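Q: My structure file final_37.cif, mmCIF, C-alpha atoms and all ligand atoms, is below:
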```cif
data_upload
#
loop_
_atom_site.label_atom_id
_atom_site.label_comp_id
_atom_site.auth_asym_id
_atom_site.auth_seq_id
_atom_site.Cartn_x
_atom_site.Cartn_y
_atom_site.Cartn_z
CA ARG A 1 -13.82 33.41 -40.28
CA ALA A 2 -13.88 29.70 -39.75
CA ARG A 3 -10.40 29.43 -41.08
CA ARG A 4 -9.13 32.00 -38.64
CA LYS A 5 -10.86 30.32 -35.74
CA GLY A 6 -9.32 26.96 -36.51
CA PRO A 7 -5.63 27.73 -36.19
CA GLY A 8 -6.33 30.03 -33.25
CA ASN A 9 -7.90 27.16 -31.36
CA PHE A 10 -5.01 24.95 -32.16
CA GLU A 11 -2.68 27.54 -30.76
CA LEU A 12 -4.66 27.67 -27.53
CA PHE A 13 -4.72 23.90 -27.34
CA ASP A 14 -0.98 23.78 -27.91
CA LYS A 15 -0.33 26.28 -25.15
CA HIS A 16 -2.46 24.29 -22.76
CA MET A 17 -0.64 21.06 -23.66
CA GLN A 18 2.68 22.80 -23.38
CA LYS A 19 1.84 24.09 -19.92
CA ARG A 20 0.84 20.64 -18.79
CA ALA A 21 3.92 19.03 -20.26
CA LEU A 22 6.14 21.60 -18.56
CA LYS A 23 4.42 21.09 -15.23
CA ARG A 24 4.91 17.36 -15.53
CA LEU A 25 8.52 17.73 -16.48
CA LYS A 26 9.06 19.92 -13.43
CA MET A 27 7.38 17.36 -11.16
CA GLU A 28 9.53 14.65 -12.68
CA THR A 29 12.70 16.65 -12.03
CA ASP A 30 11.45 17.38 -8.52
CA LEU A 31 10.80 13.69 -7.84
CA ARG A 32 14.28 12.77 -9.03
CA ARG A 33 15.67 15.38 -6.67
CA ALA A 34 13.39 14.16 -3.87
CA VAL A 35 14.94 10.71 -4.15
CA ALA A 36 18.48 12.10 -4.18
CA GLU A 37 17.86 14.58 -1.36
CA ASN A 38 15.90 12.32 0.98
CA GLN A 39 12.61 14.18 0.78
CA LEU A 40 10.75 10.88 0.85
CA ALA A 41 9.71 9.39 4.17
CA LEU A 42 7.62 6.54 5.48
CA HIS A 43 4.75 6.64 7.90
CA TYR A 44 3.40 3.53 9.56
CA GLN A 45 -0.23 2.73 10.29
CA PRO A 46 -0.84 0.18 13.04
CA ILE A 47 -2.84 -2.96 12.24
CA VAL A 48 -4.83 -4.14 15.23
CA LYS A 49 -5.96 -7.58 16.34
CA LEU A 50 -9.67 -6.93 16.82
CA ASN A 51 -10.40 -9.41 19.62
CA SER A 52 -7.66 -8.08 21.90
CA GLY A 53 -6.86 -4.59 20.63
CA ALA A 54 -3.18 -5.55 20.43
CA ILE A 55 -1.02 -4.12 17.64
CA ALA A 56 -0.13 -6.99 15.33
CA GLY A 57 1.94 -4.94 12.92
CA CYS A 58 1.78 -1.98 10.60
CA GLU A 59 1.61 -0.87 6.98
CA ALA A 60 4.38 1.33 5.58
CA LEU A 61 3.02 4.30 3.60
CA ALA A 62 5.23 6.55 1.49
CA ARG A 63 5.25 10.32 2.01
CA TRP A 64 6.76 13.14 -0.04
CA ARG A 65 7.30 16.54 1.50
CA HIS A 66 7.82 18.82 -1.49
CA PRO A 67 9.91 21.89 -0.57
CA GLU A 68 7.45 24.29 -2.27
CA ARG A 69 4.22 22.37 -2.70
CA GLY A 70 4.03 20.72 0.71
CA ASN A 71 2.85 17.14 1.12
CA ILE A 72 2.12 15.31 -2.11
CA PRO A 73 0.02 12.16 -1.62
CA PRO A 74 1.33 8.77 -2.78
CA THR A 75 -1.73 8.41 -5.02
CA GLU A 76 -0.11 11.24 -7.02
CA PHE A 77 3.63 10.54 -6.87
CA ILE A 78 3.61 6.74 -7.10
CA PRO A 79 1.93 6.81 -10.55
CA LEU A 80 4.36 9.59 -11.55
CA ALA A 81 7.28 7.44 -10.39
CA GLU A 82 5.93 4.62 -12.53
CA GLU A 83 5.67 6.84 -15.59
CA CYS A 84 9.15 8.29 -15.33
CA GLY A 85 10.98 5.08 -14.45
CA LEU A 86 11.69 5.90 -10.81
CA ILE A 87 9.42 3.29 -9.26
CA ASP A 88 12.10 0.63 -8.85
CA ILE A 89 14.49 2.99 -7.07
CA ILE A 90 11.70 4.30 -4.85
CA GLY A 91 10.31 0.80 -4.25
CA ASP A 92 13.73 -0.49 -3.20
CA TRP A 93 14.16 2.46 -0.89
CA VAL A 94 10.71 1.91 0.69
CA LEU A 95 11.38 -1.77 1.36
CA GLU A 96 14.87 -1.21 2.74
CA GLU A 97 13.81 1.70 4.95
CA ALA A 98 10.78 -0.18 6.30
CA CYS A 99 12.82 -3.32 7.04
CA THR A 100 15.54 -1.26 8.73
CA GLN A 101 12.92 0.40 10.94
CA HIS A 102 11.33 -2.95 11.72
CA GLN A 103 14.68 -4.26 12.90
CA LYS A 104 14.98 -1.32 15.31
CA TRP A 105 11.47 -1.76 16.70
CA THR A 106 11.79 -5.48 17.28
CA ASP A 107 15.33 -5.62 18.62
CA GLY A 108 15.08 -7.29 22.03
CA ARG A 109 11.33 -7.65 21.77
CA ALA A 110 9.69 -10.98 22.55
CA GLU A 111 6.48 -10.74 20.51
CA THR A 112 6.52 -10.63 16.74
CA LEU A 113 5.43 -7.63 14.72
CA ASP A 114 4.35 -7.83 11.09
CA LEU A 115 5.29 -5.34 8.40
CA SER A 116 3.21 -4.69 5.27
CA VAL A 117 4.73 -3.00 2.23
CA ASN A 118 2.83 -1.94 -0.90
CA PHE A 119 3.98 -3.04 -4.34
CA SER A 120 2.47 -1.62 -7.51
CA LEU A 121 1.78 -3.81 -10.52
CA LEU A 122 4.78 -2.38 -12.35
CA GLN A 123 7.05 -3.19 -9.39
CA MET A 124 5.92 -6.81 -9.49
CA GLN A 125 6.65 -6.95 -13.22
CA ARG A 126 10.31 -6.03 -12.80
CA ASP A 127 12.70 -8.76 -13.91
CA GLY A 128 14.04 -10.67 -10.91
CA VAL A 129 11.75 -8.91 -8.42
CA GLU A 130 11.91 -11.95 -6.10
CA ASP A 131 15.72 -11.83 -5.93
CA ARG A 132 15.69 -8.09 -5.38
CA ILE A 133 13.30 -8.46 -2.44
CA MET A 134 15.31 -11.32 -0.91
CA ASP A 135 18.52 -9.28 -1.28
CA ILE A 136 17.03 -6.40 0.67
CA LEU A 137 15.74 -8.77 3.36
CA SER A 138 19.13 -10.36 3.91
CA LYS A 139 20.86 -6.98 3.81
CA THR A 140 18.61 -5.62 6.55
CA GLY A 141 18.24 -8.85 8.53
CA MET A 142 14.47 -8.83 8.13
CA ASP A 143 12.71 -12.12 8.86
CA PRO A 144 10.73 -12.99 5.67
CA LYS A 145 7.97 -14.48 7.83
CA ARG A 146 7.19 -11.04 9.22
CA LEU A 147 6.89 -9.34 5.83
CA LYS A 148 3.62 -9.02 3.91
CA ILE A 149 3.60 -7.73 0.38
CA GLU A 150 0.43 -5.86 -0.60
CA ILE A 151 -0.67 -6.04 -4.23
CA THR A 152 -3.99 -5.19 -5.86
CA GLU A 153 -6.35 -7.35 -7.86
CA SER A 154 -4.99 -5.80 -11.07
CA ILE A 155 -2.31 -8.49 -10.91
CA PHE A 156 -4.97 -11.08 -11.78
CA MET A 157 -5.09 -9.59 -15.29
CA GLU A 158 -1.45 -10.46 -15.95
CA ASP A 159 0.18 -13.63 -17.26
CA MET A 160 -0.96 -16.11 -14.61
CA ASP A 161 1.95 -18.52 -14.89
CA ARG A 162 4.44 -15.73 -14.39
CA VAL A 163 2.48 -14.19 -11.50
CA LYS A 164 2.16 -17.59 -9.89
CA GLY A 165 5.92 -18.16 -10.24
CA ILE A 166 6.78 -14.86 -8.55
CA LEU A 167 4.24 -15.11 -5.74
CA SER A 168 5.12 -18.74 -5.05
CA ALA A 169 8.83 -17.95 -4.89
CA LEU A 170 8.15 -15.20 -2.35
CA ASN A 171 5.71 -17.29 -0.36
CA ASN A 172 8.12 -20.24 -0.27
CA GLU A 173 10.54 -17.94 1.53
CA GLY A 174 7.82 -17.27 4.10
CA ILE A 175 6.68 -13.88 2.81
CA GLY A 176 2.92 -13.21 3.09
CA ILE A 177 0.92 -12.03 0.07
CA ALA A 178 -1.98 -9.67 0.74
CA ILE A 179 -4.60 -8.55 -1.76
CA ASP A 180 -5.11 -4.83 -1.09
CA ASP A 181 -8.38 -2.93 -1.66
CA TYR A 182 -10.10 -6.30 -2.01
CA GLY A 183 -13.47 -6.10 -3.73
CA THR A 184 -12.82 -3.01 -5.86
CA GLY A 185 -11.11 -4.66 -8.80
CA TYR A 186 -11.24 -7.75 -10.89
CA SER A 187 -11.69 -10.57 -8.39
CA SER A 188 -11.94 -14.15 -9.32
CA LEU A 189 -12.37 -16.69 -6.59
CA SER A 190 -10.37 -19.25 -8.53
CA TYR A 191 -7.23 -17.10 -8.18
CA LEU A 192 -7.57 -17.12 -4.43
CA LYS A 193 -7.33 -20.87 -4.62
CA ARG A 194 -4.62 -21.09 -7.28
CA LEU A 195 -2.26 -18.42 -5.97
CA PRO A 196 -0.55 -18.37 -2.58
CA ILE A 197 -2.66 -15.52 -1.17
CA THR A 198 -2.31 -15.30 2.61
CA HIS A 199 -4.26 -12.11 3.39
CA LEU A 200 -7.22 -10.14 2.07
CA LYS A 201 -7.59 -6.48 2.94
CA ILE A 202 -11.26 -5.62 2.49
CA ASP A 203 -11.47 -2.19 0.87
CA ARG A 204 -12.59 0.67 3.05
CA SER A 205 -15.56 1.44 0.76
CA PHE A 206 -17.25 -1.71 2.16
CA ILE A 207 -16.17 -1.03 5.74
CA GLY A 208 -17.51 2.53 5.61
CA ASP A 209 -21.01 1.20 4.92
CA VAL A 210 -20.83 -1.98 6.98
CA SER A 211 -22.95 -0.77 9.89
CA SER A 212 -25.60 0.96 7.76
CA ASP A 213 -25.87 -0.91 4.47
CA VAL A 214 -27.18 -4.49 4.29
CA ALA A 215 -25.40 -5.20 1.00
CA ALA A 216 -22.00 -4.02 2.25
CA GLN A 217 -22.47 -6.13 5.36
CA ALA A 218 -23.34 -9.19 3.26
CA ILE A 219 -20.23 -8.72 1.15
CA VAL A 220 -18.00 -8.35 4.19
CA GLN A 221 -19.59 -11.35 5.90
CA SER A 222 -19.31 -13.65 2.90
CA THR A 223 -15.71 -12.55 2.28
CA LEU A 224 -14.90 -13.43 5.88
CA LEU A 225 -16.54 -16.86 5.58
CA MET A 226 -14.83 -17.63 2.29
CA ALA A 227 -11.43 -16.47 3.54
CA GLN A 228 -11.77 -18.52 6.69
CA SER A 229 -12.51 -21.70 4.75
CA LEU A 230 -9.53 -21.04 2.45
CA GLY A 231 -7.21 -20.36 5.39
CA ILE A 232 -6.72 -16.72 4.37
CA GLU A 233 -6.50 -13.98 7.03
CA VAL A 234 -8.58 -10.82 6.67
CA VAL A 235 -7.83 -7.20 7.49
CA ALA A 236 -10.70 -4.69 7.48
CA GLU A 237 -9.35 -1.41 6.06
CA GLY A 238 -10.54 2.08 6.91
CA ILE A 239 -12.34 1.47 10.22
CA GLU A 240 -13.39 4.95 11.30
CA THR A 241 -16.05 4.45 13.98
CA VAL A 242 -16.67 2.46 17.12
CA ASP A 243 -19.81 0.98 15.49
CA GLN A 244 -17.81 -0.38 12.60
CA GLU A 245 -15.26 -1.86 14.95
CA ALA A 246 -17.95 -3.50 17.09
CA LEU A 247 -19.76 -5.00 14.12
CA LEU A 248 -16.56 -6.33 12.55
CA ARG A 249 -15.73 -7.99 15.83
CA VAL A 250 -19.15 -9.64 15.88
CA LEU A 251 -18.59 -10.82 12.31
CA LYS A 252 -15.25 -12.26 13.52
CA ALA A 253 -12.96 -10.19 11.36
CA GLU A 254 -9.47 -10.87 12.71
CA TYR A 255 -7.60 -7.63 12.00
CA GLY A 256 -8.51 -3.98 11.55
CA GLN A 257 -6.82 -0.80 10.39
CA GLY A 258 -8.16 2.73 10.25
CA TYR A 259 -8.39 6.23 11.67
CA HIS A 260 -10.57 4.91 14.53
CA PHE A 261 -7.44 3.22 15.90
CA TRP A 262 -4.54 5.20 14.51
CA ARG A 263 -3.61 7.34 11.56
CA PRO A 264 -0.29 6.65 9.85
CA ILE A 265 2.46 7.83 12.23
CA GLU A 266 6.22 8.33 12.18
CA GLY A 267 8.51 5.38 12.85
CA ASP A 268 9.70 6.71 16.20
CA VAL A 269 6.14 7.23 17.41
CA PHE A 270 5.19 3.74 16.29
CA SER A 271 8.21 2.33 18.10
CA GLU A 272 7.12 3.99 21.35
CA LEU A 273 3.60 2.71 20.87
CA VAL A 274 4.64 -0.92 20.52
CA ASN A 275 7.53 -0.91 22.94
CA ARG A 276 6.30 1.17 25.85
CA PRO A 277 6.18 -0.80 29.09
CA LEU A 278 2.72 -1.84 30.20
CA VAL A 279 1.39 0.38 32.97
CA VAL A 280 -0.34 -1.78 35.56
P1 LIG B 1 -3.44 1.54 0.49
O1 LIG B 1 -2.30 0.61 0.38
O2 LIG B 1 -4.80 0.98 0.36
O3 LIG B 1 -3.26 2.27 1.90
C1 LIG B 1 -4.31 2.68 2.72
C2 LIG B 1 -4.64 4.14 2.53
O4 LIG B 1 -5.83 4.45 3.25
C3 LIG B 1 -3.57 5.09 3.05
O5 LIG B 1 -3.58 6.26 2.25
C4 LIG B 1 -4.08 5.38 4.47
O6 LIG B 1 -3.58 6.59 5.00
C5 LIG B 1 -5.56 5.47 4.20
N1 LIG B 1 -6.37 5.20 5.39
C6 LIG B 1 -6.09 4.41 6.44
N2 LIG B 1 -7.09 4.37 7.33
C7 LIG B 1 -8.07 5.14 6.83
C8 LIG B 1 -9.39 5.52 7.31
O7 LIG B 1 -9.87 5.12 8.36
N3 LIG B 1 -10.11 6.35 6.49
C9 LIG B 1 -9.63 6.82 5.31
N4 LIG B 1 -10.40 7.65 4.60
N5 LIG B 1 -8.40 6.50 4.84
C10 LIG B 1 -7.63 5.66 5.59
P2 LIG B 1 -2.23 6.89 1.66
O8 LIG B 1 -1.14 6.81 2.67
O9 LIG B 1 -2.59 8.22 1.10
O10 LIG B 1 -1.85 5.90 0.49
C11 LIG B 1 -2.66 5.78 -0.64
C12 LIG B 1 -2.22 4.66 -1.53
O11 LIG B 1 -0.93 4.93 -2.11
C13 LIG B 1 -2.04 3.32 -0.81
O12 LIG B 1 -3.30 2.72 -0.62
C14 LIG B 1 -1.14 2.59 -1.78
O13 LIG B 1 -1.90 2.05 -2.84
C15 LIG B 1 -0.28 3.71 -2.33
N6 LIG B 1 1.03 3.71 -1.64
C16 LIG B 1 1.38 4.30 -0.47
N7 LIG B 1 2.68 4.04 -0.16
C17 LIG B 1 3.15 3.27 -1.16
C18 LIG B 1 4.43 2.66 -1.43
O14 LIG B 1 5.40 2.75 -0.65
N8 LIG B 1 4.55 1.93 -2.58
C19 LIG B 1 3.50 1.78 -3.45
N9 LIG B 1 3.69 1.05 -4.57
N10 LIG B 1 2.29 2.32 -3.23
C20 LIG B 1 2.11 3.05 -2.10
MG MG B 2 -1.86 -1.13 1.17
MG MG B 3 -5.84 -0.58 0.74
MG MG B 4 -5.82 1.94 -1.80
#
```
Can you dump the structure from the file as structure tokens?

A:
Amino acid sequence: RARRKGPGNFELFDKHMQKRALKRLKMETDLRRAVAENQLALHYQPIVKLNSGAIAGCEALARWRHPERGNIPPTEFIPLAEECGLIDIIGDWVLEEACTQHQKWTDGRAETLDLSVNFSLLQMQRDGVEDRIMDILSKTGMDPKRLKIEITESIFMEDMDRVKGILSALNNEGIGIAIDDYGTGYSSLSYLKRLPITHLKIDRSFIGDVSSDVAAQAIVQSTLLMAQSLGIEVVAEGIETVDQEALLRVLKAEYGQGYHFWRPIEGDVFSELVNRPLVV
């Protein structure tokens, strides 16, 4: 009996694995097609200067509208792109598209507008990533000083000399370096001093609790103090309520981003938002 049960189980297991492998293969094929057939798009979420309410810039966020499955979140298709070797093509497309849009928004505009673009760890590990980025900037006419590259703390686990070389090369061109989801990963204060980090984006898990939880508030407050003394600018991510906004303003957080202000929106809508004439 036991003998019969064994192979049977294996068969079931195999079928399950096979189904998963097939599903993945299909998604991979679909993602390749998505790139070729322009199914990918970018949305832009405004980043607000908290003391004035003015829009200081935005973060580009990738979107995939799958013809059968509807919207697939970037938390799903970015890792897939990394696994199947499409991340460099997609990453290049994201940067070029975002910079092209930025040029349109700022054409003839007096005030500056910053643009944040996410880079995964694998994207930063690509050979010659600095040159690739600079190529896209010159191709699109994007001012490096207006670009911020968002990376996560996972980069601190990599070869520090190499990471320092890449980030310094980018920063020497004027590009800002933001640590995304700050506080959720492996943080070491010494890296903030040793690497050219220009921005910290405090993760929304701390912001969500900031007006109700003493510990979250202490973490936010001490991050703000530390950043200020290191000359690093801070963005509070995921502000969802008026209470959170008010408290962050009291704590002197400089920038905020979140559903309380705006959700990610299409490029044309963002353009109207930042370029509409002031109604007096
Ligand atoms: P992220 O870079 O931390 O982006 C912020 C995420 O939080 C976005 O999710 C945004 O829609 C969401 N968000 C903003 N405000 C709020 C809020 O008030 N409440 C809540 N609950 N959420 C808020 P999204 O667009 O689904 O992106 C998820 C992640 O996917 C991003 O996290 C980023 O890590 C990655 N990602 C998105 N686009 C790209 C891309 O072009 N390249 C790479 N490498 N990664 C990307
Ligand atoms: Mg980000
Ligand atoms: Mg984030
Ligand atoms: Mg995130």

Q: With a distance cut-off of 8 Å and only C-alpha atoms, select the neighbouring residues of range 183-190 of chain A, excluding the residue or stretch itself and same-chain residues fewer than 2 positions from it, and output the selection as a VMD selection string.

A: chain A and resid 152 to 154 156 to 157 181 192 to 194 202 to 203

Q: Which residue is closest to ligand MG 2 (chain B)? Choose from A:Gln101, A:Gln244, A:Asn38, A:Ser116 and count only C-alpha atoms and all ligand atoms.

A: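 So, comparing all the options, the nearest one is A:Ser116.
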
Q: Give me the residues within 12 Å of range 25-31 of chain A as an NGL selection string, counting all atoms listed in the file and dropping any in the same chain fewer than 2 places off.

A: :A and (18-23 or 33-40 or 63-69 or 72 or 74 or 76-87 or 89-90)

Q: Counting all atoms listed in the file, name the residues that have an atom within 7 Å of an atom of ligand MG 2 (chain B); the answer should be given as number ranges by chain.

A: A: 59, 117-118, 150, 180

Q: From the options A:Asp159, A:Glu111, A:Asp131, A:Glu97, which residue's atoms come nearest to ligand LIG 1 (chain B), counting only C-alpha atoms and all ligand atoms?

A: A:Glu97

Q: List all protein, DNA and RNA residues that have an atom no more than 7 Å from any atom of ligand LIG 1 (chain B), counting all atoms listed in the file, and report them as a list in words.

A: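 Here is the list of contacting residues: Ala60, Leu61, Ala62, Pro73, Pro74, Thr75, Ile78, Gly91, Val94, Val117, Asn118, Phe119, Ser120, Asp180, Asp181, Glu237, Gly238, Ile239, Glu240, Gln257, Gly258, Tyr259, His260, Arg263 and Pro264 of chain A.
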
Q: Separation of CA of Thr223 in chain A and atom MG of ligand MG 3 (chain B), in Å?

A: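 Interatomic distance, CA of Thr223 in chain A to atom MG of ligand MG 3 (chain B): 15.6 Å.
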
Q: Which residue gives the smallest distance to Lys49 in chain A among A:Asp114, A:Asp135, A:Glu158, A:Asp268, with only C-alpha atoms counted?

A: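 Counting only C-alpha atoms, the residue closest to Lys49 in chain A is A:Asp114.
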
Q: So, counting all atoms listed in the file, which residue among A:Cys58, A:Val48, A:Ala41, A:Ile179 is closest to ligand MG 4 (chain B)?

A: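 Looking at the shortest contact to ligand MG 4 (chain B), the residue is A:Ile179.
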
Q: Give the answer as one residue: which of A:Leu230, A:Gly141, A:Asp88, A:Met124 has the shortest atom-to-atom distance to Lys104 in chain A, using all atoms listed in the file?

A: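 Result for the nearest residue to Lys104 in chain A: A:Gly141.
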
Q: Quick one: pull the distance between CA of Ile177 in chain A and CA of Lys148 in chain A, Å, one decimal.

A: 5.6 Å

Q: Compare A:Trp262, A:Arg249, A:Leu273, A:Ala216 by their minimum atom-to-atom distance to Asn51 in chain A, counting all atoms listed in the file, and give me the closest one.

A: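 For Asn51 in chain A, the nearest of the given residues is A:Arg249.
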
Q: Rounded to one decimal in Å, what is the spacing between CA of Ala218 in chain A and CA of His199 in chain A?

A: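 Distance reported for this atom pair: 19.3 Å.
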
Q: I'd like the neighbourhood of Ser168 in chain A as number ranges by chain, where a residue qualifies if any of its atoms comes within 12 Å (using all atoms listed in the file), though same-chain residues fewer than 2 positions away should be ignored.

A: A: 130, 160-166, 170-177, 194-198
